[in-house]
>>> print(open('final_27.txt').read())   # compact mmCIF, C-alpha atoms
# COMPACT_ATOMS: atom_id res chain seq x y z
CA MET I 1 4.65 1.51 -11.96
CA SER I 2 2.47 0.35 -9.22
CA ALA I 3 2.90 0.99 -5.55
CA GLN I 4 2.54 -2.76 -5.12
CA SER I 5 5.37 -3.72 -7.49
CA LEU I 6 7.76 -1.21 -5.92
CA HIS I 7 6.76 -2.35 -2.44
CA ARG I 8 7.23 -6.01 -3.38
CA SER I 9 10.65 -5.32 -4.94
CA ALA I 10 11.83 -3.34 -1.90
CA ARG I 11 10.83 -6.22 0.39
CA GLU I 12 12.58 -8.73 -1.90
CA ALA I 13 15.76 -6.62 -1.97
CA LEU I 14 15.79 -6.37 1.82
CA LEU I 15 14.96 -10.05 2.33
CA GLY I 16 17.84 -11.03 0.03
CA TRP I 17 20.36 -8.60 1.52
CA GLN I 18 23.35 -10.35 3.05
CA THR I 19 24.01 -7.86 5.82
CA PRO I 20 27.67 -7.48 6.84
CA ASN I 21 27.06 -6.74 10.53
CA ALA I 22 24.53 -6.62 13.37
CA ALA I 23 23.73 -2.91 12.87
CA ASP I 24 22.78 -3.49 9.21
CA GLU I 25 20.78 -6.56 10.18
CA SER I 26 18.83 -4.40 12.64
CA LEU I 27 18.29 -1.76 9.94
CA ARG I 28 17.08 -4.45 7.53
CA HIS I 29 14.45 -5.58 10.05
CA THR I 30 13.44 -1.98 10.76
CA MET I 31 12.94 -1.27 7.04
CA LEU I 32 10.95 -4.46 6.59
CA ALA I 33 8.71 -3.48 9.53
CA PHE I 34 8.27 -0.04 7.96
CA LEU I 35 7.19 -1.62 4.67
CA ASP I 36 4.82 -3.97 6.49
CA SER I 37 3.11 -0.94 8.00
CA ALA I 38 3.23 1.31 4.92
CA PRO I 39 1.77 -0.12 1.69
CA LEU I 40 2.55 3.21 -0.03
CA GLY I 41 5.98 3.50 1.59
CA CYS I 42 7.86 3.51 -1.73
CA LEU I 43 6.13 6.67 -2.92
CA ARG I 44 7.41 10.16 -2.14
CA GLU I 45 3.84 11.14 -1.27
CA HIS I 46 4.12 9.00 1.86
CA ALA I 47 5.08 11.97 4.06
CA PRO I 48 6.16 10.10 7.24
CA GLY I 49 8.97 8.54 5.20
CA HIS I 50 9.59 6.65 2.00
CA ILE I 51 11.96 4.28 0.26
CA THR I 52 14.51 5.91 -2.04
CA ALA I 53 16.90 4.26 -4.49
CA SER I 54 20.59 5.15 -4.76
CA SER I 55 23.58 3.98 -6.73
CA LEU I 56 27.25 3.80 -6.01
CA VAL I 57 28.62 4.34 -9.53
CA LEU I 58 32.09 2.85 -9.94
CA SER I 59 34.30 2.67 -13.00
CA GLU I 60 34.73 -0.91 -14.19
CA ASP I 61 38.37 -0.83 -13.05
CA ARG I 62 37.15 0.09 -9.52
CA GLN I 63 39.49 3.10 -9.42
CA GLN I 64 36.94 5.93 -9.72
CA VAL I 65 33.64 6.73 -8.01
CA LEU I 66 31.11 9.15 -9.48
CA LEU I 67 29.77 11.64 -6.93
CA THR I 68 27.32 14.51 -7.08
CA LEU I 69 27.51 17.71 -5.08
CA HIS I 70 23.92 17.63 -3.89
CA PRO I 71 22.35 21.10 -3.67
CA ARG I 72 20.05 20.28 -0.74
CA VAL I 73 22.50 18.16 1.22
CA GLY I 74 25.54 20.35 0.47
CA ARG I 75 27.96 17.40 0.32
CA TRP I 76 29.43 15.02 -2.25
CA ILE I 77 27.25 11.89 -2.19
CA GLN I 78 26.25 8.92 -4.35
CA LEU I 79 23.57 9.35 -7.01
CA GLY I 80 19.95 8.51 -6.31
CA GLY I 81 16.48 9.69 -5.49
CA HIS I 82 12.79 8.95 -5.40
CA CYS I 83 10.92 6.13 -7.08
CA GLU I 84 8.90 7.51 -10.00
CA PRO I 85 6.04 6.48 -12.27
CA GLY I 86 7.52 4.00 -14.73
CA ASP I 87 9.80 2.35 -12.16
CA GLU I 88 8.56 -1.20 -11.80
CA THR I 89 11.15 -2.05 -9.14
CA VAL I 90 13.57 -0.27 -6.81
CA VAL I 91 16.42 -1.61 -8.99
CA ASP I 92 14.79 0.13 -11.98
CA ALA I 93 14.54 3.32 -9.92
CA ALA I 94 18.21 3.18 -8.88
CA LEU I 95 19.39 2.63 -12.45
CA ARG I 96 17.12 5.37 -13.81
CA GLU I 97 18.37 7.83 -11.19
CA ALA I 98 22.01 6.94 -11.93
CA THR I 99 21.46 7.36 -15.68
CA GLU I 100 19.53 10.64 -15.34
CA GLU I 101 21.93 12.19 -12.84
CA SER I 102 25.12 11.03 -14.59
CA GLY I 103 24.14 11.47 -18.23
CA ILE I 104 26.01 8.22 -18.93
CA ALA I 105 24.37 5.67 -21.21
CA GLY I 106 24.97 1.96 -20.82
CA LEU I 107 25.35 1.78 -17.04
CA ARG I 108 25.03 -1.72 -15.58
CA ILE I 109 23.46 -2.40 -12.19
CA ASP I 110 24.01 -5.27 -9.79
CA PRO I 111 20.44 -6.13 -8.67
CA SER I 112 21.59 -7.31 -5.23
CA LEU I 113 21.23 -4.71 -2.50
CA LEU I 114 24.64 -3.27 -1.58
CA SER I 115 23.59 -1.40 1.57
CA ALA I 116 20.83 0.62 3.17
CA HIS I 117 20.68 3.85 5.13
CA THR I 118 18.03 6.03 6.70
CA HIS I 119 18.21 9.76 7.32
CA PRO I 120 15.91 12.69 8.05
CA ILE I 121 15.55 15.24 5.25
CA THR I 122 13.25 17.89 3.90
CA CYS I 123 12.90 16.68 0.33
CA SER I 124 10.66 17.79 -2.52
CA LEU I 125 7.60 17.46 -0.30
CA GLY I 126 8.74 20.61 1.51
CA VAL I 127 8.14 19.01 4.90
CA PRO I 128 10.47 17.04 7.15
CA THR I 129 10.41 13.36 6.26
CA ARG I 130 12.72 10.36 6.37
CA HIS I 131 14.43 8.66 3.44
CA LEU I 132 14.90 4.92 3.76
CA ASP I 133 17.59 4.55 1.15
CA LEU I 134 18.29 1.29 -0.67
CA ARG I 135 21.73 1.43 -2.30
CA PHE I 136 22.86 -0.55 -5.32
CA LEU I 137 26.16 -0.97 -7.16
CA VAL I 138 26.31 0.45 -10.69
CA TRP I 139 29.19 0.01 -13.14
CA ALA I 140 30.31 2.52 -15.78
CA GLU I 141 32.86 2.07 -18.53
CA VAL I 142 36.31 3.43 -17.75
CA GLY I 143 36.52 6.94 -19.20
CA ALA I 144 32.76 7.48 -19.37
CA THR I 145 32.05 11.21 -19.45
CA PRO I 146 29.38 12.37 -16.99
CA VAL I 147 27.00 15.20 -17.86
CA ARG I 148 25.70 17.20 -14.89
CA SER I 149 21.92 17.46 -14.59
CA ASP I 150 19.90 20.23 -12.97
CA GLU I 151 19.72 18.05 -9.84
CA SER I 152 23.40 18.63 -9.06
CA GLN I 153 25.69 21.55 -8.30
CA ASP I 154 28.63 19.53 -9.59
CA LEU I 155 29.28 16.00 -10.79
CA ARG I 156 32.61 14.28 -11.27
CA TRP I 157 34.73 11.20 -10.98
CA TRP I 158 36.95 10.90 -7.90
CA PRO I 159 39.71 8.41 -7.17
CA VAL I 160 38.30 5.95 -4.63
CA ASP I 161 41.30 6.63 -2.37
CA ASP I 162 41.19 10.44 -2.70
CA LEU I 163 37.65 11.66 -2.04
CA PRO I 164 36.91 15.40 -1.98
CA ASP I 165 36.44 17.58 1.07
CA GLY I 166 32.75 17.66 1.89
CA ALA I 167 32.20 14.06 0.83
CA GLU I 168 30.53 11.56 3.08
CA LYS I 169 33.92 9.81 3.18
CA GLU I 170 33.11 7.12 5.73
CA THR I 171 29.93 6.18 3.88
CA ILE I 172 31.56 6.15 0.45
CA ASP I 173 34.62 4.26 1.72
CA HIS I 174 32.28 1.69 3.29
CA LEU I 175 30.29 1.32 0.06
CA VAL I 176 33.47 0.93 -2.02
CA ARG I 177 34.75 -1.76 0.37
CA LEU I 178 31.41 -3.60 0.06
CA ALA I 179 31.56 -3.28 -3.74
CA ASN I 180 35.10 -4.62 -3.84
CA GLY I 181 33.90 -7.64 -1.90
CA ARG I 182 31.66 -8.61 -4.82
>>> encode(input="final_27.txt", output="structure tokens")
Amino acid sequence: MSAQSLHRSAREALLGWQTPNAADESLRHTMLAFLDSAPLGCLREHAPGHITASSLVLSEDRQQVLLTLHPRVGRWIQLGGHCEPGDETVVDAALREATEESGIAGLRIDPSLLSAHTHPITCSLGVPTRHLDLRFLVWAEVGATPVRSDESQDLRWWPVDDLPDGAEKETIDHLVRLANGR
């Protein structure tokens, strides 16, 4: 991994993103400006904020979404996390995170950016920071059995039309709608 290859891939993902609305187009420009000002902005060590890579994991029949009950966030969310040594691109980071956090081998990722989001958080740095999250679509075989990692309080498949209490329902519904448009 190099900070440069991650940075380049994040810019390429954002430049190629076909934003669905004006708010996402504004976010895309904001993230590009961030990257222009932060050569190390894909590394968690960049304390003011950093790019993260997430995955919406859907079953191939589009009926189930895999969510994790995140211990720090306290809600059911998509899988994802920080870019790490060995990740050449943000797509590599998103797929690695999905595989590590799901325990499912053979996941397939769509390399086109699905969406983006930014939020304040106190992550592993132990100080308040901001995650600039790039979200990708990942496919799993129908019936794939997830295995919870230490990074999750719980992990399970949910029907896309019956998400659990405590889920970021609007966000997940939005991501599923975007995925179904592909």
>>> residues_near_point(input="final_27.txt", point="(6.2, 5.1, 0.7)", cutoff="10 Å", atoms="all atoms listed in the file", output="list in words")
Ala3, Leu6, His7, Phe34, Leu35, Ser37, Ala38, Pro39, Leu40, Gly41, Cys42, Leu43, Arg44, Glu45, His46, Ala47, Pro48, Gly49, His50, Ile51, Thr52, His82, Cys83, His131 and Leu132 of chain I
>>> write_last_selection(input="final_27.txt", atoms="C-alpha atoms", output="short mmCIF file (atom, residue, chain, number, x, y, z; two decimals), keeping the file's coordinate frame")
data_model
loop_
_atom_site.label_atom_id
_atom_site.label_comp_id
_atom_site.auth_asym_id
_atom_site.auth_seq_id
_atom_site.Cartn_x
_atom_site.Cartn_y
_atom_site.Cartn_z
CA ALA I 3 2.90 0.99 -5.55
CA LEU I 6 7.76 -1.21 -5.92
CA HIS I 7 6.76 -2.35 -2.44
CA PHE I 34 8.27 -0.04 7.96
CA LEU I 35 7.19 -1.62 4.67
CA SER I 37 3.11 -0.94 8.00
CA ALA I 38 3.23 1.31 4.92
CA PRO I 39 1.77 -0.12 1.69
CA LEU I 40 2.55 3.21 -0.03
CA GLY I 41 5.98 3.50 1.59
CA CYS I 42 7.86 3.51 -1.73
CA LEU I 43 6.13 6.67 -2.92
CA ARG I 44 7.41 10.16 -2.14
CA GLU I 45 3.84 11.14 -1.27
CA HIS I 46 4.12 9.00 1.86
CA ALA I 47 5.08 11.97 4.06
CA PRO I 48 6.16 10.10 7.24
CA GLY I 49 8.97 8.54 5.20
CA HIS I 50 9.59 6.65 2.00
CA ILE I 51 11.96 4.28 0.26
CA THR I 52 14.51 5.91 -2.04
CA HIS I 82 12.79 8.95 -5.40
CA CYS I 83 10.92 6.13 -7.08
CA HIS I 131 14.43 8.66 3.44
CA LEU I 132 14.90 4.92 3.76
#
>>> atom_distance(input="final_27.txt", atom1="CA of His29 (chain I)", atom2="CA of Thr171 (chain I)")
20.4 Å
>>> closest_residue(input="final_27.txt", among="I:Ala53, I:Leu69, I:Ile104, I:Val127", to="Val147 (chain I)", atoms="all atoms listed in the file")
I:Ile104
>>> residues_around(input="final_27.txt", residues="Gly143 (chain I)", least_positions_apart="3", cutoff="10 Å", atoms="only C-alpha atoms", output="list in words")
Ser59, Glu60, Gln64, Ala140, Pro146 and Trp157 of chain I
>>> axis_aligned_box(input="final_27.txt", around="region 64-68 of chain I", padding_each_side="3 Å", output="JSON")
{"center_x": 32.1, "center_y": 10.2, "center_z": -8.3, "size_x": 15.6, "size_y": 14.6, "size_z": 8.8}
>>> atom_distance(input="final_27.txt", atom1="CA of Val90 (chain I)", atom2="CA of Ser54 (chain I)")
9.1 Å
>>> residues_around(input="final_27.txt", residues="Gly16 (chain I)", least_positions_apart="6", cutoff="12 Å", atoms="only C-alpha atoms", output="PDB file with C-alpha atoms, keeping the file's coordinate frame")
ATOM      1  CA  SER I   9      10.650  -5.320  -4.940  1.00  0.00           C
ATOM      2  CA  ALA I  10      11.830  -3.340  -1.900  1.00  0.00           C
ATOM      3  CA  GLU I  25      20.780  -6.560  10.180  1.00  0.00           C
ATOM      4  CA  ARG I  28      17.080  -4.450   7.530  1.00  0.00           C
ATOM      5  CA  HIS I  29      14.450  -5.580  10.050  1.00  0.00           C
ATOM      6  CA  LEU I  32      10.950  -4.460   6.590  1.00  0.00           C
ATOM      7  CA  PRO I 111      20.440  -6.130  -8.670  1.00  0.00           C
ATOM      8  CA  SER I 112      21.590  -7.310  -5.230  1.00  0.00           C
ATOM      9  CA  LEU I 113      21.230  -4.710  -2.500  1.00  0.00           C
ATOM     10  CA  LEU I 114      24.640  -3.270  -1.580  1.00  0.00           C
ATOM     11  CA  SER I 115      23.590  -1.400   1.570  1.00  0.00           C
TER      12      SER I 115
END
>>> atom_distance(input="final_27.txt", atom1="CA of Val160 (chain I)", atom2="CA of Arg62 (chain I)")
7.7 Å
>>> residues_around(input="final_27.txt", residues="Ser152 (chain I)", least_positions_apart="6", cutoff="8 Å", atoms="all atoms listed in the file", output="MDAnalysis selection string")
chainID I and resid 68:71 101
>>> residues_around(input="final_27.txt", residues="Gly106 (chain I)", least_positions_apart="6", cutoff="9 Å", atoms="only C-alpha atoms", output="PyMOL selection string")
chain I and resi 99+139-141
>>> closest_residue(input="final_27.txt", among="I:Ala13, I:Ala116, I:Ala33, I:Leu27", to="Leu134 (chain I)", atoms="all atoms listed in the file")
I:Ala116
>>> decode(input="final_27.txt", residues="region 9-55 of chain I", atoms="N, CA and C atoms", output="short mmCIF file (atom, residue, chain, number, x, y, z; two decimals), in the first residue's frame")
data_model
loop_
_atom_site.label_atom_id
_atom_site.label_comp_id
_atom_site.auth_asym_id
_atom_site.auth_seq_id
_atom_site.Cartn_x
_atom_site.Cartn_y
_atom_site.Cartn_z
N SER I 9 -6.74 6.29 -6.00
CA SER I 9 -7.94 5.48 -6.22
C SER I 9 -9.19 6.14 -5.64
N ALA I 10 -9.04 6.83 -4.52
CA ALA I 10 -10.18 7.55 -3.93
C ALA I 10 -10.63 8.68 -4.86
N ARG I 11 -9.66 9.42 -5.40
CA ARG I 11 -10.00 10.48 -6.37
C ARG I 11 -10.69 9.89 -7.59
N GLU I 12 -10.15 8.79 -8.12
CA GLU I 12 -10.75 8.17 -9.31
C GLU I 12 -12.17 7.70 -9.03
N ALA I 13 -12.39 7.11 -7.85
CA ALA I 13 -13.75 6.65 -7.50
C ALA I 13 -14.71 7.83 -7.44
N LEU I 14 -14.28 8.91 -6.82
CA LEU I 14 -15.13 10.09 -6.71
C LEU I 14 -15.35 10.77 -8.06
N LEU I 15 -14.31 10.83 -8.89
CA LEU I 15 -14.46 11.45 -10.21
C LEU I 15 -15.40 10.64 -11.10
N GLY I 16 -15.43 9.33 -10.93
CA GLY I 16 -16.29 8.48 -11.73
C GLY I 16 -17.70 8.28 -11.18
N TRP I 17 -17.95 8.79 -9.99
CA TRP I 17 -19.24 8.58 -9.32
C TRP I 17 -20.34 9.35 -10.05
N GLN I 18 -21.36 8.63 -10.46
CA GLN I 18 -22.54 9.23 -11.08
C GLN I 18 -23.51 9.56 -9.95
N THR I 19 -23.40 10.76 -9.43
CA THR I 19 -24.20 11.15 -8.27
C THR I 19 -25.68 11.24 -8.64
N PRO I 20 -26.55 10.77 -7.74
CA PRO I 20 -27.99 10.75 -8.05
C PRO I 20 -28.72 12.06 -7.78
N ASN I 21 -28.06 13.01 -7.08
CA ASN I 21 -28.77 14.25 -6.75
C ASN I 21 -27.76 15.36 -6.44
N ALA I 22 -28.27 16.56 -6.25
CA ALA I 22 -27.42 17.73 -6.02
C ALA I 22 -26.65 17.64 -4.70
N ALA I 23 -27.27 17.08 -3.67
CA ALA I 23 -26.59 16.95 -2.37
C ALA I 23 -25.38 16.03 -2.49
N ASP I 24 -25.52 14.91 -3.21
CA ASP I 24 -24.38 14.00 -3.39
C ASP I 24 -23.32 14.62 -4.29
N GLU I 25 -23.75 15.41 -5.26
CA GLU I 25 -22.78 16.09 -6.12
C GLU I 25 -21.96 17.09 -5.28
N SER I 26 -22.60 17.78 -4.37
CA SER I 26 -21.89 18.69 -3.48
C SER I 26 -20.92 17.93 -2.58
N LEU I 27 -21.37 16.79 -2.05
CA LEU I 27 -20.49 15.96 -1.21
C LEU I 27 -19.30 15.47 -2.01
N ARG I 28 -19.52 15.07 -3.24
CA ARG I 28 -18.43 14.60 -4.11
C ARG I 28 -17.36 15.69 -4.25
N HIS I 29 -17.80 16.92 -4.52
CA HIS I 29 -16.85 18.03 -4.66
C HIS I 29 -16.14 18.33 -3.33
N THR I 30 -16.86 18.22 -2.23
CA THR I 30 -16.25 18.45 -0.92
C THR I 30 -15.17 17.41 -0.64
N MET I 31 -15.46 16.15 -0.94
CA MET I 31 -14.47 15.08 -0.71
C MET I 31 -13.26 15.23 -1.62
N LEU I 32 -13.50 15.63 -2.86
CA LEU I 32 -12.37 15.88 -3.76
C LEU I 32 -11.50 17.02 -3.26
N ALA I 33 -12.13 18.08 -2.76
CA ALA I 33 -11.36 19.21 -2.20
C ALA I 33 -10.57 18.76 -0.97
N PHE I 34 -11.19 17.91 -0.14
CA PHE I 34 -10.47 17.36 1.01
C PHE I 34 -9.22 16.62 0.54
N LEU I 35 -9.39 15.73 -0.45
CA LEU I 35 -8.24 14.96 -0.93
C LEU I 35 -7.18 15.86 -1.54
N ASP I 36 -7.60 16.92 -2.23
CA ASP I 36 -6.63 17.85 -2.80
C ASP I 36 -5.79 18.53 -1.72
N SER I 37 -6.36 18.68 -0.54
CA SER I 37 -5.64 19.36 0.54
C SER I 37 -4.97 18.38 1.52
N ALA I 38 -5.20 17.09 1.34
CA ALA I 38 -4.71 16.11 2.32
C ALA I 38 -4.09 14.91 1.61
N PRO I 39 -2.81 14.98 1.25
CA PRO I 39 -2.16 13.86 0.56
C PRO I 39 -2.19 12.56 1.36
N LEU I 40 -2.29 12.66 2.69
CA LEU I 40 -2.35 11.46 3.54
C LEU I 40 -3.77 11.20 4.03
N GLY I 41 -4.76 11.76 3.34
CA GLY I 41 -6.14 11.71 3.78
C GLY I 41 -6.81 10.35 3.71
N CYS I 42 -6.14 9.34 3.18
CA CYS I 42 -6.71 7.99 3.17
C CYS I 42 -6.19 7.15 4.33
N LEU I 43 -5.34 7.72 5.14
CA LEU I 43 -4.74 6.98 6.26
C LEU I 43 -5.39 7.38 7.57
N ARG I 44 -5.65 6.41 8.42
CA ARG I 44 -6.30 6.70 9.70
C ARG I 44 -5.47 7.64 10.56
N GLU I 45 -4.18 7.70 10.32
CA GLU I 45 -3.31 8.59 11.09
C GLU I 45 -3.60 10.06 10.80
N HIS I 46 -4.31 10.34 9.73
CA HIS I 46 -4.64 11.73 9.40
C HIS I 46 -5.79 12.15 10.32
N ALA I 47 -5.44 12.68 11.48
CA ALA I 47 -6.40 12.93 12.56
C ALA I 47 -7.54 13.89 12.21
N PRO I 48 -7.35 14.92 11.37
CA PRO I 48 -8.49 15.80 11.09
C PRO I 48 -9.65 15.08 10.38
N GLY I 49 -9.34 13.97 9.74
CA GLY I 49 -10.35 13.19 9.02
C GLY I 49 -9.65 12.29 8.02
N HIS I 50 -10.34 11.23 7.61
CA HIS I 50 -9.73 10.32 6.66
C HIS I 50 -10.81 9.53 5.91
N ILE I 51 -10.41 9.10 4.71
CA ILE I 51 -11.26 8.27 3.88
C ILE I 51 -11.39 6.90 4.53
N THR I 52 -12.62 6.36 4.55
CA THR I 52 -12.87 4.99 4.96
C THR I 52 -13.58 4.27 3.81
N ALA I 53 -13.60 2.95 3.87
CA ALA I 53 -14.17 2.16 2.78
C ALA I 53 -15.21 1.19 3.34
N SER I 54 -16.44 1.31 2.84
CA SER I 54 -17.54 0.48 3.33
C SER I 54 -18.17 -0.32 2.21
N SER I 55 -18.95 -1.33 2.61
CA SER I 55 -19.60 -2.20 1.65
C SER I 55 -21.03 -2.47 2.06
#
